[in-house]
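In what follows, a single structure is set out as structure tokens and then discussed.
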Amino acid sequence: MRIATYNINGIKARLPRLLEWLDETRPDIACLQEIKTQDEGFPADEFEKLGYGAIWHGQKSFNGVAILAHNAQPVETQRGLPGDPEDEQSRYLEADVHGIRVASIYLPNGNPLPGPKFDYKLAWMKRLRAHAASLAALELPVALVGDYNVVPHTHDIWSPKALLDDALRQPESIAAYRTLLADGWTDALATHYPLGGVWTYWDYQAGAWQQDHGFRIDHLLLSPVAADRLVSCGVDKEHRGRETPSDHAPTWVELG
DNA sequence: ATGGCAGAATTTTTCTGA
């Protein structure tokens with residue numbers, strides 16, 4: 001079974017690319033981020049034609065997450081990250097499907113820093129850790145996948161000097177990510193490619209794609225039971241080089 | 001020190017992203 005995460009940067013602008021990717025790679029579960037539409041604008045019919053059931057949590061202009069499942073309808077278990085009733089941003093959606101509990105995560109970027117956006121990022125990561133701990137107690141395998149907006153190591157970016165002043169590479173952001181992993185979550189790509197050098201994002205600007213100036217921020221975190229089933233994982237890098245692409249590439253795990 | 005690009009909603013600009 002393959003589970004993929006894909007920050008599509010706008011589901012309306014990206015629909016042809018997204019349908020093409022689904023048709024070509026047929027993931028069993030696809031978690032999407034940055035759908036950038038209100039609930040009414042979600043093109044569920046288009047996914048149904050390809051045999052995908054879907055749930056989504058939209059928001060006007062920004063954010064927004066969704067979960068697609070091949071030949072199945074995801075059963076929603078959580079909408080919005082618990083822990084702050086005043087947080088109205090659509091960044092977390094969770095479901096049971098194909099025998100696994102899966103969450104689609106769009107973690108706050110946190111720029112600029114210092115400031116309220118960076119504070120929000122760190123508070124969000126703290127809430128995620130608490131909620132993840134409650135999921136770890138389940139009997140089901142669990143996968144927390146999405147755009148974490150954290151570059152975990154210096155070997156996860158094209159140059160260790162890049163983004164040093166950015167929220168994606170701040171010591172506090174990285175520490176919060178490592179604390180989450182220390183609770184027992186496996187970063188699938190980090191485990192499979194321990195030397196790094198694997199990118200999931202390339203900026204639209206300054207010829208980043210052409211020069212392979214990327215970094216790794218899309219992560220698939222597996223509970224111990226799910227991690228035991230990890231067969232392979234990777235990035236559908238070629239899709240980043242197509243016409244009018246997202247700035248992220250689809251990233252996936254194969255579980256046995 | 002700054003720009004470079006892209007998407008959304010409109011406002012031919014502004015905000016957000018990473």
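Naming scheme: A, B, ... for chains in displayed order of the structure tokens; residues 1 onward per chain; ligands 1 onward as shown.
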Give the residues of chain B that lie within 8 Å of chain A; count only C-alpha atoms (C1' of nucleotides), and format the answer as a CSV table (one decimal) with C-alpha atoms (C1' of nucleotides), in the first residue's frame.
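Now in selection07.csv:
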chain,number,residue,atom,x,y,z
B,4,DG,C1',13.7,36.6,-8.2
B,5,DC,C1',8.2,33.4,-9.1
B,6,DA,C1',3.4,31.8,-8.3
B,7,DG,C1',-1.7,31.7,-6.7
B,8,DA,C1',-5.8,33.9,-5.0
B,9,DA,C1',-8.9,37.6,-4.7
B,16,DT,C1',1.1,34.9,1.5
B,17,DG,C1',4.3,31.5,0.7
B,18,DA,C1',9.4,29.1,1.8
Taking the chain letters and numbering used in this document, name the residues of range 100-184 of chain A that DSSP puts in strand (DSSP E or B), as JSON, numbers by chain. {"A": [100, 101, 102, 103, 104, 105, 106, 142, 143, 144, 145, 146, 147, 157]}
- Item | Exercise: Lys49 in chain A partners within 12 Å, only C-alpha atoms (C1' of nucleotides), chain neighbours under 4 positions left out, as a PyMOL selection string | chain A and resi 19+22-23+43-45+53-54+70-71
Students should find that CA of Leu122 in chain A and CA of Leu138 in chain A are spaced 25.5 Å
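Between CA of Cys31 in chain A and CA of Gly115 in chain A the separation is 29.5 Å.
Comparing A:Leu50, A:Val225, A:Ala69, A:Val102 by their smallest distance to Glu20 in chain A, the closest is A:Leu50 (using only C-alpha atoms).
Of the listed residues A:Trp199, A:Phe42, A:Trp185, A:Tyr193, the one whose atoms come nearest to Val151 in chain A is A:Trp199, with distances taken using only C-alpha atoms.
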Please return, as a PyMOL selection string, all residues of range 92-195 of chain A that DSSP assigns to helix (DSSP H, G or I) on the basis of the backbone.
chain A and resi 116-136+154-156+167-169+171-182+188-192
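Here CA of Ser173 in chain A stands at a distance of 9.1 Å from CA of Phe118 in chain A.
Minimum atom-to-atom distance to His219 in chain A, evaluated using only C-alpha atoms, belongs to A:Asp187 out of A:Asp84, A:Glu172, A:Asp187, A:Glu139.
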- Could you name the residues that touch range 226-239 of chain A at 6 Å or less, counting only C-alpha atoms (C1' of nucleotides), but leaving out those on the same chain fewer than 2 positions away, as a VMD selection string? chain A and resid 141 222 to 224 241 to 242 249 to 256
Could the residues in this selection be saved with N, CA and C atoms as a short mmCIF file (atom, residue, chain, number, x, y, z; two decimals), in the first residue's frame?
data_model
loop_
_atom_site.label_atom_id
_atom_site.label_comp_id
_atom_site.auth_asym_id
_atom_site.auth_seq_id
_atom_site.Cartn_x
_atom_site.Cartn_y
_atom_site.Cartn_z
N PRO A 141 -2.16 1.09 12.86
CA PRO A 141 -0.98 1.80 12.40
C PRO A 141 -1.35 3.25 12.09
N LEU A 222 5.81 7.70 10.74
CA LEU A 222 5.11 6.43 10.93
C LEU A 222 5.18 5.98 12.38
N SER A 223 4.06 5.44 12.88
CA SER A 223 4.05 4.83 14.20
C SER A 223 4.87 3.54 14.12
N PRO A 224 5.28 2.98 15.27
CA PRO A 224 6.12 1.78 15.23
C PRO A 224 5.53 0.64 14.40
N GLY A 241 9.18 18.90 -12.54
CA GLY A 241 9.71 19.49 -13.77
C GLY A 241 8.69 19.64 -14.89
N ARG A 242 7.43 19.32 -14.63
CA ARG A 242 6.41 19.41 -15.69
C ARG A 242 5.88 20.84 -15.83
N ALA A 249 7.20 18.39 -4.69
CA ALA A 249 7.01 17.14 -5.43
C ALA A 249 6.28 16.14 -4.52
N PRO A 250 5.50 15.24 -5.12
CA PRO A 250 4.84 14.20 -4.31
C PRO A 250 5.88 13.32 -3.63
N THR A 251 5.63 12.95 -2.40
CA THR A 251 6.55 12.16 -1.59
C THR A 251 5.75 11.00 -0.98
N TRP A 252 6.34 9.79 -0.94
CA TRP A 252 5.51 8.62 -0.61
C TRP A 252 6.27 7.54 0.15
N VAL A 253 5.48 6.68 0.77
CA VAL A 253 5.99 5.44 1.39
C VAL A 253 5.20 4.27 0.84
N GLU A 254 5.86 3.14 0.74
CA GLU A 254 5.20 1.88 0.39
C GLU A 254 5.25 0.99 1.63
N LEU A 255 4.07 0.59 2.10
CA LEU A 255 3.98 -0.29 3.27
C LEU A 255 3.57 -1.69 2.81
N GLY A 256 4.19 -2.70 3.39
CA GLY A 256 3.85 -4.07 3.03
C GLY A 256 2.64 -4.58 3.80
#
